[in-house]
>>> print(open('final_14.txt').read())   # compact mmCIF, N, CA and C atoms and all ligand atoms
# COMPACT_ATOMS: atom_id res chain seq x y z
N MET U 24 0.84 -1.19 0.00
CA MET U 24 0.00 0.00 0.00
C MET U 24 0.88 1.25 0.00
N ARG U 25 0.61 2.13 -0.95
CA ARG U 25 1.37 3.38 -1.06
C ARG U 25 0.75 4.43 -0.15
N ARG U 26 1.58 5.06 0.69
CA ARG U 26 1.09 6.09 1.60
C ARG U 26 1.66 7.43 1.20
N THR U 27 0.81 8.42 1.24
CA THR U 27 1.23 9.77 0.90
C THR U 27 1.41 10.56 2.20
N PRO U 28 2.06 11.73 2.13
CA PRO U 28 2.15 12.57 3.32
C PRO U 28 0.78 12.89 3.91
N ALA U 29 -0.23 13.10 3.05
CA ALA U 29 -1.58 13.39 3.55
C ALA U 29 -2.14 12.21 4.32
N ASP U 30 -1.84 10.99 3.85
CA ASP U 30 -2.29 9.79 4.57
C ASP U 30 -1.66 9.73 5.95
N LEU U 31 -0.39 10.04 6.02
CA LEU U 31 0.34 9.92 7.29
C LEU U 31 -0.21 10.84 8.38
N VAL U 32 -0.72 12.00 8.00
CA VAL U 32 -1.26 12.92 9.00
C VAL U 32 -2.80 12.91 8.99
N ARG U 33 -3.36 11.96 8.24
CA ARG U 33 -4.81 11.79 8.14
C ARG U 33 -5.50 13.09 7.69
N ALA U 34 -4.86 13.79 6.77
CA ALA U 34 -5.44 15.01 6.22
C ALA U 34 -6.55 14.66 5.24
N GLU U 35 -7.57 15.47 5.22
CA GLU U 35 -8.66 15.29 4.27
C GLU U 35 -8.86 16.60 3.52
N PRO U 36 -7.98 16.86 2.53
CA PRO U 36 -8.08 18.13 1.80
C PRO U 36 -9.37 18.20 0.99
N GLY U 37 -9.79 19.43 0.72
CA GLY U 37 -10.98 19.65 -0.11
C GLY U 37 -10.72 19.19 -1.53
N PRO U 38 -11.71 19.34 -2.39
CA PRO U 38 -11.54 18.89 -3.77
C PRO U 38 -10.46 19.67 -4.51
N ALA U 39 -9.80 18.97 -5.40
CA ALA U 39 -8.74 19.59 -6.20
C ALA U 39 -9.32 20.61 -7.17
N HIS U 40 -8.49 21.58 -7.50
CA HIS U 40 -8.84 22.54 -8.53
C HIS U 40 -7.65 22.58 -9.50
N THR U 41 -7.65 23.54 -10.39
CA THR U 41 -6.61 23.58 -11.42
C THR U 41 -5.93 24.93 -11.45
N ILE U 42 -4.60 24.90 -11.61
CA ILE U 42 -3.85 26.10 -11.96
C ILE U 42 -3.29 25.85 -13.36
N GLU U 43 -2.73 26.88 -13.96
CA GLU U 43 -2.17 26.72 -15.29
C GLU U 43 -0.67 26.93 -15.23
N PHE U 44 0.08 26.02 -15.83
CA PHE U 44 1.53 26.16 -15.90
C PHE U 44 1.96 26.06 -17.36
N ASP U 45 2.53 27.13 -17.87
CA ASP U 45 2.98 27.19 -19.27
C ASP U 45 1.90 26.68 -20.22
N GLY U 46 0.68 27.07 -19.96
CA GLY U 46 -0.41 26.78 -20.87
C GLY U 46 -1.10 25.44 -20.68
N ARG U 47 -0.69 24.68 -19.66
CA ARG U 47 -1.36 23.39 -19.45
C ARG U 47 -1.90 23.32 -18.02
N PRO U 48 -2.97 22.57 -17.81
CA PRO U 48 -3.55 22.49 -16.48
C PRO U 48 -2.71 21.63 -15.54
N VAL U 49 -2.63 22.09 -14.28
CA VAL U 49 -1.93 21.35 -13.23
C VAL U 49 -2.89 21.25 -12.04
N PRO U 50 -3.12 20.06 -11.52
CA PRO U 50 -4.02 19.93 -10.37
C PRO U 50 -3.38 20.50 -9.11
N ALA U 51 -4.21 21.08 -8.24
CA ALA U 51 -3.73 21.63 -6.97
C ALA U 51 -4.80 21.39 -5.92
N LEU U 52 -4.35 21.29 -4.68
CA LEU U 52 -5.27 21.08 -3.56
C LEU U 52 -5.38 22.36 -2.74
N PRO U 53 -6.49 22.57 -2.07
CA PRO U 53 -6.61 23.74 -1.21
C PRO U 53 -5.48 23.79 -0.19
N GLY U 54 -4.86 24.95 -0.06
CA GLY U 54 -3.77 25.12 0.90
C GLY U 54 -2.40 24.79 0.35
N GLN U 55 -2.34 24.21 -0.81
CA GLN U 55 -1.06 23.84 -1.40
C GLN U 55 -0.40 25.07 -2.01
N THR U 56 0.92 25.16 -1.90
CA THR U 56 1.62 26.24 -2.58
C THR U 56 1.76 25.90 -4.06
N ILE U 57 2.10 26.93 -4.84
CA ILE U 57 2.32 26.69 -6.27
C ILE U 57 3.47 25.71 -6.46
N ALA U 58 4.56 25.90 -5.71
CA ALA U 58 5.71 24.99 -5.84
C ALA U 58 5.31 23.56 -5.52
N ALA U 59 4.52 23.36 -4.48
CA ALA U 59 4.11 22.01 -4.10
C ALA U 59 3.23 21.39 -5.19
N ALA U 60 2.35 22.19 -5.77
CA ALA U 60 1.49 21.66 -6.84
C ALA U 60 2.31 21.26 -8.05
N LEU U 61 3.32 22.10 -8.39
CA LEU U 61 4.16 21.77 -9.54
C LEU U 61 4.97 20.50 -9.26
N TRP U 62 5.55 20.41 -8.08
CA TRP U 62 6.30 19.20 -7.70
C TRP U 62 5.43 17.97 -7.78
N ALA U 63 4.23 18.08 -7.22
CA ALA U 63 3.32 16.92 -7.20
C ALA U 63 2.95 16.48 -8.61
N ASP U 64 3.03 17.41 -9.56
CA ASP U 64 2.71 17.08 -10.95
C ASP U 64 3.96 16.67 -11.72
N GLY U 65 5.09 16.59 -11.04
CA GLY U 65 6.31 16.13 -11.71
C GLY U 65 7.15 17.23 -12.33
N VAL U 66 6.78 18.48 -12.08
CA VAL U 66 7.55 19.61 -12.63
C VAL U 66 8.61 19.99 -11.59
N LEU U 67 9.86 19.93 -11.95
CA LEU U 67 10.94 20.20 -11.00
C LEU U 67 11.65 21.52 -11.26
N ALA U 68 11.47 22.12 -12.42
CA ALA U 68 12.14 23.39 -12.74
C ALA U 68 11.15 24.30 -13.45
N TRP U 69 11.14 25.58 -13.04
CA TRP U 69 10.24 26.56 -13.67
C TRP U 69 10.91 27.93 -13.74
N ARG U 70 12.21 27.94 -13.78
CA ARG U 70 12.97 29.17 -13.94
C ARG U 70 14.32 28.80 -14.54
N THR U 71 14.93 29.75 -15.26
CA THR U 71 16.31 29.56 -15.68
C THR U 71 17.13 30.71 -15.11
N THR U 72 18.41 30.42 -14.85
CA THR U 72 19.27 31.43 -14.25
C THR U 72 19.62 32.52 -15.25
N ARG U 73 19.97 33.69 -14.71
CA ARG U 73 20.34 34.82 -15.57
C ARG U 73 21.60 34.53 -16.35
N VAL U 74 22.55 33.85 -15.73
CA VAL U 74 23.81 33.53 -16.38
C VAL U 74 23.84 32.02 -16.63
N GLY U 75 23.89 31.64 -17.87
CA GLY U 75 24.00 30.23 -18.22
C GLY U 75 22.69 29.52 -18.49
N GLY U 76 21.57 30.11 -18.09
CA GLY U 76 20.27 29.52 -18.37
C GLY U 76 20.05 28.16 -17.73
N LYS U 77 20.61 27.96 -16.53
CA LYS U 77 20.45 26.68 -15.83
C LYS U 77 19.04 26.57 -15.23
N PRO U 78 18.47 25.37 -15.23
CA PRO U 78 17.12 25.20 -14.68
C PRO U 78 17.11 25.28 -13.16
N ARG U 79 16.05 25.90 -12.63
CA ARG U 79 15.87 26.01 -11.18
C ARG U 79 14.41 25.77 -10.83
N GLY U 80 14.22 25.27 -9.62
CA GLY U 80 12.88 25.09 -9.07
C GLY U 80 12.95 25.41 -7.60
N ALA U 81 12.20 24.71 -6.78
CA ALA U 81 12.23 24.96 -5.34
C ALA U 81 13.49 24.34 -4.73
N PHE U 82 14.09 25.04 -3.77
CA PHE U 82 15.25 24.51 -3.05
C PHE U 82 14.97 24.50 -1.55
N CYS U 83 14.81 25.66 -0.95
CA CYS U 83 14.60 25.69 0.50
C CYS U 83 13.15 25.43 0.89
N GLY U 84 12.23 25.89 0.09
CA GLY U 84 10.81 25.70 0.37
C GLY U 84 10.24 26.60 1.46
N ILE U 85 11.04 27.56 1.94
CA ILE U 85 10.58 28.43 3.02
C ILE U 85 10.79 29.91 2.71
N GLY U 86 11.02 30.25 1.46
CA GLY U 86 11.10 31.66 1.08
C GLY U 86 12.45 32.31 1.28
N ALA U 87 13.51 31.54 1.54
CA ALA U 87 14.80 32.13 1.83
C ALA U 87 15.76 32.17 0.64
N CYS U 88 15.68 31.24 -0.29
CA CYS U 88 16.73 31.13 -1.32
C CYS U 88 16.38 31.80 -2.65
N TYR U 89 15.14 32.03 -2.93
CA TYR U 89 14.66 32.66 -4.17
C TYR U 89 14.91 31.79 -5.41
N ASP U 90 15.18 30.53 -5.25
CA ASP U 90 15.36 29.66 -6.41
C ASP U 90 14.05 29.37 -7.12
N CYS U 91 12.95 29.51 -6.44
CA CYS U 91 11.65 29.09 -6.98
C CYS U 91 10.91 30.19 -7.72
N LEU U 92 11.60 31.26 -8.09
CA LEU U 92 10.93 32.38 -8.75
C LEU U 92 10.26 31.96 -10.04
N ALA U 93 9.11 32.55 -10.30
CA ALA U 93 8.38 32.33 -11.55
C ALA U 93 7.52 33.56 -11.80
N THR U 94 6.97 33.62 -12.97
CA THR U 94 6.00 34.66 -13.29
C THR U 94 4.62 34.12 -12.94
N VAL U 95 3.94 34.81 -12.02
CA VAL U 95 2.63 34.35 -11.54
C VAL U 95 1.61 35.43 -11.85
N ASP U 96 0.60 35.07 -12.60
CA ASP U 96 -0.44 36.01 -13.02
C ASP U 96 0.18 37.29 -13.59
N GLY U 97 1.22 37.11 -14.39
CA GLY U 97 1.85 38.22 -15.09
C GLY U 97 2.90 38.97 -14.29
N GLN U 98 3.09 38.64 -13.02
CA GLN U 98 4.07 39.32 -12.18
C GLN U 98 5.34 38.48 -12.08
N PRO U 99 6.48 38.98 -12.58
CA PRO U 99 7.72 38.20 -12.49
C PRO U 99 8.27 38.18 -11.07
N ASN U 100 9.19 37.25 -10.84
CA ASN U 100 9.94 37.16 -9.59
C ASN U 100 9.08 36.88 -8.37
N GLN U 101 8.12 35.99 -8.52
CA GLN U 101 7.27 35.59 -7.39
C GLN U 101 7.80 34.29 -6.80
N ARG U 102 7.91 34.23 -5.48
CA ARG U 102 8.39 33.01 -4.81
C ARG U 102 7.24 32.01 -4.72
N THR U 103 7.31 30.99 -5.55
CA THR U 103 6.21 30.03 -5.64
C THR U 103 6.09 29.14 -4.41
N CYS U 104 7.14 29.07 -3.59
CA CYS U 104 7.04 28.25 -2.38
C CYS U 104 6.23 28.95 -1.30
N LEU U 105 5.93 30.23 -1.49
CA LEU U 105 5.16 30.98 -0.50
C LEU U 105 3.74 31.30 -0.97
N LEU U 106 3.50 31.20 -2.27
CA LEU U 106 2.20 31.60 -2.81
C LEU U 106 1.24 30.42 -2.90
N PRO U 107 0.02 30.61 -2.43
CA PRO U 107 -0.96 29.53 -2.56
C PRO U 107 -1.37 29.32 -4.01
N ALA U 108 -1.63 28.08 -4.33
CA ALA U 108 -2.10 27.73 -5.68
C ALA U 108 -3.61 27.93 -5.71
N GLU U 109 -4.01 29.17 -5.93
CA GLU U 109 -5.43 29.50 -5.97
C GLU U 109 -6.02 29.03 -7.31
N PRO U 110 -7.30 28.69 -7.33
CA PRO U 110 -7.92 28.28 -8.59
C PRO U 110 -7.72 29.35 -9.67
N GLY U 111 -7.28 28.91 -10.83
CA GLY U 111 -7.11 29.83 -11.95
C GLY U 111 -5.78 30.55 -12.00
N THR U 112 -4.91 30.34 -11.01
CA THR U 112 -3.60 30.96 -11.03
C THR U 112 -2.85 30.55 -12.30
N THR U 113 -2.20 31.52 -12.93
CA THR U 113 -1.42 31.24 -14.14
C THR U 113 0.06 31.41 -13.83
N VAL U 114 0.82 30.36 -14.03
CA VAL U 114 2.26 30.35 -13.75
C VAL U 114 2.99 30.14 -15.07
N THR U 115 4.03 30.97 -15.26
CA THR U 115 4.82 30.87 -16.48
C THR U 115 6.28 30.70 -16.11
N THR U 116 6.97 29.82 -16.81
CA THR U 116 8.40 29.67 -16.60
C THR U 116 9.08 31.02 -16.80
N GLN U 117 9.97 31.34 -15.87
CA GLN U 117 10.68 32.62 -15.93
C GLN U 117 12.09 32.40 -16.43
N GLU U 118 12.43 33.13 -17.47
CA GLU U 118 13.78 33.03 -18.03
C GLU U 118 14.60 34.23 -17.58
N GLY U 119 15.78 33.98 -17.03
CA GLY U 119 16.65 35.06 -16.58
C GLY U 119 16.01 35.88 -15.48
N HIS U 120 16.10 37.20 -15.62
CA HIS U 120 15.58 38.07 -14.57
C HIS U 120 14.07 38.25 -14.65
N GLY U 121 13.45 37.71 -15.67
CA GLY U 121 11.99 37.73 -15.77
C GLY U 121 11.41 39.05 -16.21
N ARG U 122 12.25 39.97 -16.61
CA ARG U 122 11.77 41.30 -17.03
C ARG U 122 12.12 41.54 -18.48
N ALA U 123 11.33 40.98 -19.37
CA ALA U 123 11.60 41.14 -20.80
C ALA U 123 11.52 42.60 -21.21
N ASP U 124 10.84 43.43 -20.39
CA ASP U 124 10.70 44.84 -20.74
C ASP U 124 11.96 45.64 -20.40
N LEU U 125 12.89 45.03 -19.66
CA LEU U 125 14.13 45.71 -19.31
C LEU U 125 15.25 45.21 -20.22
N ALA U 126 15.86 46.10 -20.94
CA ALA U 126 16.98 45.71 -21.80
C ALA U 126 18.24 45.68 -20.95
N VAL U 127 18.86 44.53 -20.86
CA VAL U 127 20.09 44.39 -20.08
C VAL U 127 21.20 43.93 -20.99
S1 LIG B 201 12.32 27.53 -2.60
FE1 LIG B 201 13.63 28.93 -1.61
S2 LIG B 201 12.56 30.81 -1.72
FE2 LIG B 201 11.20 29.38 -2.59
>>> encode(input="final_14.txt", output="structure tokens", more="lines below")
Ligand code: FES
Amino acid sequence: MRRTPADLVRAEPGPAHTIEFDGRPVPALPGQTIAAALWADGVLAWRTTRVGGKPRGAFCGIGACYDCLATVDGQPNQRTCLLPAEPGTTVTTQEGHGRADLAV
């Protein structure tokens, strides 16, 4: 029998809803962060570094490292490990500094 973290604490989350990641639906549970929803769906990277374009996703999970930055509902540089995955949230992979409007 496969046990999940929710099973271990006997959590009974509400019904799943959907967020959007790079144009495709991703399931999310009430109270789940965006980073947790992406991880649970098998997505491990949603940003590239400014130098070298290396893939990044969540690292610390507590808002300290800024590795999990993404563009959320059109706002770049959002820490996905701190933001709830609200129904209809749109997340886009962030490349570099996430500000295409700034010429660097
Ligand atoms: S994973 Fe470190 S700030 Fe989000």
>>> residues_near_ligand(input="final_14.txt", ligand="ligand LIG 201 (chain B)", cutoff="12 Å", atoms="only C-alpha atoms and all ligand atoms", output="PyMOL selection string")
chain U and resi 56-59+62+67-70+79-93+100-106
>>> residues_around(input="final_14.txt", residues="stretch 41-54 of chain U", least_positions_apart="2", cutoff="6 Å", atoms="all atoms listed in the file", output="list in words")
Gly37, Pro38, Ala39, Thr56, Ala60, Pro107, Ala108, Glu109, Pro110, Gly111, Thr112, Thr113, Val114, Thr115 and Thr116 of chain U
>>> select_by_dssp(input="final_14.txt", residues="chain U", states="strand (DSSP E)", output="PyMOL selection string")
chain U and resi 40-44+47-51+70-71+78-79+92-95+98-102+113-115+117-118
>>> residues_around(input="final_14.txt", residues="U:Pro99", least_positions_apart="5", cutoff="8 Å", atoms="all atoms listed in the file", output="list in words")
Leu92, Ala93, Thr94, Gln117, His120, Gly121 and Arg122 of chain U
>>> select_by_dssp(input="final_14.txt", residues="chain U", states="alpha helix (DSSP H)", output="PDB file with N, CA and C atoms, keeping the file's coordinate frame")
ATOM      1  N   PRO U  28       2.060  11.730   2.130  1.00  0.00           N
ATOM      2  CA  PRO U  28       2.150  12.570   3.320  1.00  0.00           C
ATOM      3  C   PRO U  28       0.780  12.890   3.910  1.00  0.00           C
ATOM      4  N   ALA U  29      -0.230  13.100   3.050  1.00  0.00           N
ATOM      5  CA  ALA U  29      -1.580  13.390   3.550  1.00  0.00           C
ATOM      6  C   ALA U  29      -2.140  12.210   4.320  1.00  0.00           C
ATOM      7  N   ASP U  30      -1.840  10.990   3.850  1.00  0.00           N
ATOM      8  CA  ASP U  30      -2.290   9.790   4.570  1.00  0.00           C
ATOM      9  C   ASP U  30      -1.660   9.730   5.950  1.00  0.00           C
ATOM     10  N   LEU U  31      -0.390  10.040   6.020  1.00  0.00           N
ATOM     11  CA  LEU U  31       0.340   9.920   7.290  1.00  0.00           C
ATOM     12  C   LEU U  31      -0.210  10.840   8.380  1.00  0.00           C
ATOM     13  N   ILE U  57       2.100  26.930  -4.840  1.00  0.00           N
ATOM     14  CA  ILE U  57       2.320  26.690  -6.270  1.00  0.00           C
ATOM     15  C   ILE U  57       3.470  25.710  -6.460  1.00  0.00           C
ATOM     16  N   ALA U  58       4.560  25.900  -5.710  1.00  0.00           N
ATOM     17  CA  ALA U  58       5.710  24.990  -5.840  1.00  0.00           C
ATOM     18  C   ALA U  58       5.310  23.560  -5.520  1.00  0.00           C
ATOM     19  N   ALA U  59       4.520  23.360  -4.480  1.00  0.00           N
ATOM     20  CA  ALA U  59       4.110  22.010  -4.100  1.00  0.00           C
ATOM     21  C   ALA U  59       3.230  21.390  -5.190  1.00  0.00           C
ATOM     22  N   ALA U  60       2.350  22.190  -5.770  1.00  0.00           N
ATOM     23  CA  ALA U  60       1.490  21.660  -6.840  1.00  0.00           C
ATOM     24  C   ALA U  60       2.310  21.260  -8.050  1.00  0.00           C
ATOM     25  N   LEU U  61       3.320  22.100  -8.390  1.00  0.00           N
ATOM     26  CA  LEU U  61       4.160  21.770  -9.540  1.00  0.00           C
ATOM     27  C   LEU U  61       4.970  20.500  -9.260  1.00  0.00           C
ATOM     28  N   TRP U  62       5.550  20.410  -8.080  1.00  0.00           N
ATOM     29  CA  TRP U  62       6.300  19.200  -7.700  1.00  0.00           C
ATOM     30  C   TRP U  62       5.430  17.970  -7.780  1.00  0.00           C
ATOM     31  N   ALA U  63       4.230  18.080  -7.220  1.00  0.00           N
ATOM     32  CA  ALA U  63       3.320  16.920  -7.200  1.00  0.00           C
ATOM     33  C   ALA U  63       2.950  16.480  -8.610  1.00  0.00           C
TER      34      ALA U  63
END
>>> atom_distance(input="final_14.txt", atom1="atom C of U:Ala29", atom2="atom N of U:Asp96")
28.6 Å
>>> atom_distance(input="final_14.txt", atom1="atom N of U:Leu61", atom2="atom CA of U:His40")
12.2 Å
>>> atom_distance(input="final_14.txt", atom1="atom CA of U:Ala63", atom2="atom CA of U:Leu31")
16.4 Å
>>> residues_around(input="final_14.txt", residues="U:Val74", least_positions_apart="2", cutoff="8 Å", atoms="only N, CA and C atoms", output="PDB file with N, CA and C atoms, in the frame of the given file")
ATOM      1  N   THR U  71      14.930  29.750 -15.260  1.00  0.00           N
ATOM      2  CA  THR U  71      16.310  29.560 -15.680  1.00  0.00           C
ATOM      3  C   THR U  71      17.130  30.710 -15.110  1.00  0.00           C
ATOM      4  N   THR U  72      18.410  30.420 -14.850  1.00  0.00           N
ATOM      5  CA  THR U  72      19.270  31.430 -14.250  1.00  0.00           C
ATOM      6  C   THR U  72      19.620  32.520 -15.250  1.00  0.00           C
ATOM      7  N   GLY U  76      21.570  30.110 -18.090  1.00  0.00           N
ATOM      8  CA  GLY U  76      20.270  29.520 -18.370  1.00  0.00           C
ATOM      9  C   GLY U  76      20.050  28.160 -17.730  1.00  0.00           C
ATOM     10  N   LYS U  77      20.610  27.960 -16.530  1.00  0.00           N
ATOM     11  CA  LYS U  77      20.450  26.680 -15.830  1.00  0.00           C
ATOM     12  C   LYS U  77      19.040  26.570 -15.230  1.00  0.00           C
ATOM     13  N   GLY U 119      15.780  33.980 -17.030  1.00  0.00           N
ATOM     14  CA  GLY U 119      16.650  35.060 -16.580  1.00  0.00           C
ATOM     15  C   GLY U 119      16.010  35.880 -15.480  1.00  0.00           C
ATOM     16  N   HIS U 120      16.100  37.200 -15.620  1.00  0.00           N
ATOM     17  CA  HIS U 120      15.580  38.070 -14.570  1.00  0.00           C
ATOM     18  C   HIS U 120      14.070  38.250 -14.650  1.00  0.00           C
TER      19      HIS U 120
END
>>> build_atoms(input="final_14.txt", residues="stretch 37-59 of chain U", atoms="N, CA, C and O atoms", output="PDB file, in the frame of the given file")
ATOM      1  N   GLY U  37      -9.790  19.430   0.720  1.00  0.00           N
ATOM      2  CA  GLY U  37     -10.980  19.650  -0.110  1.00  0.00           C
ATOM      3  C   GLY U  37     -10.720  19.190  -1.530  1.00  0.00           C
ATOM      4  O   GLY U  37      -9.627  18.721  -1.860  1.00  0.00           O
ATOM      5  N   PRO U  38     -11.710  19.340  -2.390  1.00  0.00           N
ATOM      6  CA  PRO U  38     -11.540  18.890  -3.770  1.00  0.00           C
ATOM      7  C   PRO U  38     -10.460  19.670  -4.510  1.00  0.00           C
ATOM      8  O   PRO U  38     -10.250  20.862  -4.259  1.00  0.00           O
ATOM      9  N   ALA U  39      -9.800  18.970  -5.400  1.00  0.00           N
ATOM     10  CA  ALA U  39      -8.740  19.590  -6.200  1.00  0.00           C
ATOM     11  C   ALA U  39      -9.320  20.610  -7.170  1.00  0.00           C
ATOM     12  O   ALA U  39     -10.486  20.532  -7.555  1.00  0.00           O
ATOM     13  N   HIS U  40      -8.490  21.580  -7.500  1.00  0.00           N
ATOM     14  CA  HIS U  40      -8.840  22.540  -8.530  1.00  0.00           C
ATOM     15  C   HIS U  40      -7.650  22.580  -9.500  1.00  0.00           C
ATOM     16  O   HIS U  40      -6.761  21.743  -9.415  1.00  0.00           O
ATOM     17  N   THR U  41      -7.650  23.540 -10.390  1.00  0.00           N
ATOM     18  CA  THR U  41      -6.610  23.580 -11.420  1.00  0.00           C
ATOM     19  C   THR U  41      -5.930  24.930 -11.450  1.00  0.00           C
ATOM     20  O   THR U  41      -6.578  25.970 -11.332  1.00  0.00           O
ATOM     21  N   ILE U  42      -4.600  24.900 -11.610  1.00  0.00           N
ATOM     22  CA  ILE U  42      -3.850  26.100 -11.960  1.00  0.00           C
ATOM     23  C   ILE U  42      -3.290  25.850 -13.360  1.00  0.00           C
ATOM     24  O   ILE U  42      -3.388  24.726 -13.873  1.00  0.00           O
ATOM     25  N   GLU U  43      -2.730  26.880 -13.960  1.00  0.00           N
ATOM     26  CA  GLU U  43      -2.170  26.720 -15.290  1.00  0.00           C
ATOM     27  C   GLU U  43      -0.670  26.930 -15.230  1.00  0.00           C
ATOM     28  O   GLU U  43      -0.203  27.894 -14.621  1.00  0.00           O
ATOM     29  N   PHE U  44       0.080  26.020 -15.830  1.00  0.00           N
ATOM     30  CA  PHE U  44       1.530  26.160 -15.900  1.00  0.00           C
ATOM     31  C   PHE U  44       1.960  26.060 -17.360  1.00  0.00           C
ATOM     32  O   PHE U  44       1.768  25.023 -17.996  1.00  0.00           O
ATOM     33  N   ASP U  45       2.530  27.130 -17.870  1.00  0.00           N
ATOM     34  CA  ASP U  45       2.980  27.190 -19.270  1.00  0.00           C
ATOM     35  C   ASP U  45       1.900  26.680 -20.220  1.00  0.00           C
ATOM     36  O   ASP U  45       2.188  25.920 -21.159  1.00  0.00           O
ATOM     37  N   GLY U  46       0.680  27.070 -19.960  1.00  0.00           N
ATOM     38  CA  GLY U  46      -0.410  26.780 -20.870  1.00  0.00           C
ATOM     39  C   GLY U  46      -1.100  25.440 -20.680  1.00  0.00           C
ATOM     40  O   GLY U  46      -2.011  25.100 -21.430  1.00  0.00           O
ATOM     41  N   ARG U  47      -0.690  24.680 -19.660  1.00  0.00           N
ATOM     42  CA  ARG U  47      -1.360  23.390 -19.450  1.00  0.00           C
ATOM     43  C   ARG U  47      -1.900  23.320 -18.020  1.00  0.00           C
ATOM     44  O   ARG U  47      -1.341  23.944 -17.106  1.00  0.00           O
ATOM     45  N   PRO U  48      -2.970  22.570 -17.810  1.00  0.00           N
ATOM     46  CA  PRO U  48      -3.550  22.490 -16.480  1.00  0.00           C
ATOM     47  C   PRO U  48      -2.710  21.630 -15.540  1.00  0.00           C
ATOM     48  O   PRO U  48      -2.134  20.625 -15.947  1.00  0.00           O
ATOM     49  N   VAL U  49      -2.630  22.090 -14.280  1.00  0.00           N
ATOM     50  CA  VAL U  49      -1.930  21.350 -13.230  1.00  0.00           C
ATOM     51  C   VAL U  49      -2.890  21.250 -12.040  1.00  0.00           C
ATOM     52  O   VAL U  49      -3.422  22.260 -11.593  1.00  0.00           O
ATOM     53  N   PRO U  50      -3.120  20.060 -11.520  1.00  0.00           N
ATOM     54  CA  PRO U  50      -4.020  19.930 -10.370  1.00  0.00           C
ATOM     55  C   PRO U  50      -3.380  20.500  -9.110  1.00  0.00           C
ATOM     56  O   PRO U  50      -2.167  20.416  -8.919  1.00  0.00           O
ATOM     57  N   ALA U  51      -4.210  21.080  -8.240  1.00  0.00           N
ATOM     58  CA  ALA U  51      -3.730  21.630  -6.970  1.00  0.00           C
ATOM     59  C   ALA U  51      -4.800  21.390  -5.920  1.00  0.00           C
ATOM     60  O   ALA U  51      -5.993  21.300  -6.223  1.00  0.00           O
ATOM     61  N   LEU U  52      -4.350  21.290  -4.680  1.00  0.00           N
ATOM     62  CA  LEU U  52      -5.270  21.080  -3.560  1.00  0.00           C
ATOM     63  C   LEU U  52      -5.380  22.360  -2.740  1.00  0.00           C
ATOM     64  O   LEU U  52      -4.435  23.164  -2.706  1.00  0.00           O
ATOM     65  N   PRO U  53      -6.490  22.570  -2.070  1.00  0.00           N
ATOM     66  CA  PRO U  53      -6.610  23.740  -1.210  1.00  0.00           C
ATOM     67  C   PRO U  53      -5.480  23.790  -0.190  1.00  0.00           C
ATOM     68  O   PRO U  53      -5.141  22.774   0.420  1.00  0.00           O
ATOM     69  N   GLY U  54      -4.860  24.950  -0.060  1.00  0.00           N
ATOM     70  CA  GLY U  54      -3.770  25.120   0.900  1.00  0.00           C
ATOM     71  C   GLY U  54      -2.400  24.790   0.350  1.00  0.00           C
ATOM     72  O   GLY U  54      -1.385  25.066   0.992  1.00  0.00           O
ATOM     73  N   GLN U  55      -2.340  24.210  -0.810  1.00  0.00           N
ATOM     74  CA  GLN U  55      -1.060  23.840  -1.400  1.00  0.00           C
ATOM     75  C   GLN U  55      -0.400  25.070  -2.010  1.00  0.00           C
ATOM     76  O   GLN U  55      -1.073  25.937  -2.576  1.00  0.00           O
ATOM     77  N   THR U  56       0.920  25.160  -1.900  1.00  0.00           N
ATOM     78  CA  THR U  56       1.620  26.240  -2.580  1.00  0.00           C
ATOM     79  C   THR U  56       1.760  25.900  -4.060  1.00  0.00           C
ATOM     80  O   THR U  56       1.609  24.741  -4.462  1.00  0.00           O
ATOM     81  N   ILE U  57       2.100  26.930  -4.840  1.00  0.00           N
ATOM     82  CA  ILE U  57       2.320  26.690  -6.270  1.00  0.00           C
ATOM     83  C   ILE U  57       3.470  25.710  -6.460  1.00  0.00           C
ATOM     84  O   ILE U  57       3.373  24.772  -7.252  1.00  0.00           O
ATOM     85  N   ALA U  58       4.560  25.900  -5.710  1.00  0.00           N
ATOM     86  CA  ALA U  58       5.710  24.990  -5.840  1.00  0.00           C
ATOM     87  C   ALA U  58       5.310  23.560  -5.520  1.00  0.00           C
ATOM     88  O   ALA U  58       5.705  22.625  -6.221  1.00  0.00           O
ATOM     89  N   ALA U  59       4.520  23.360  -4.480  1.00  0.00           N
ATOM     90  CA  ALA U  59       4.110  22.010  -4.100  1.00  0.00           C
ATOM     91  C   ALA U  59       3.230  21.390  -5.190  1.00  0.00           C
ATOM     92  O   ALA U  59       3.359  20.198  -5.496  1.00  0.00           O
TER      93      ALA U  59
END
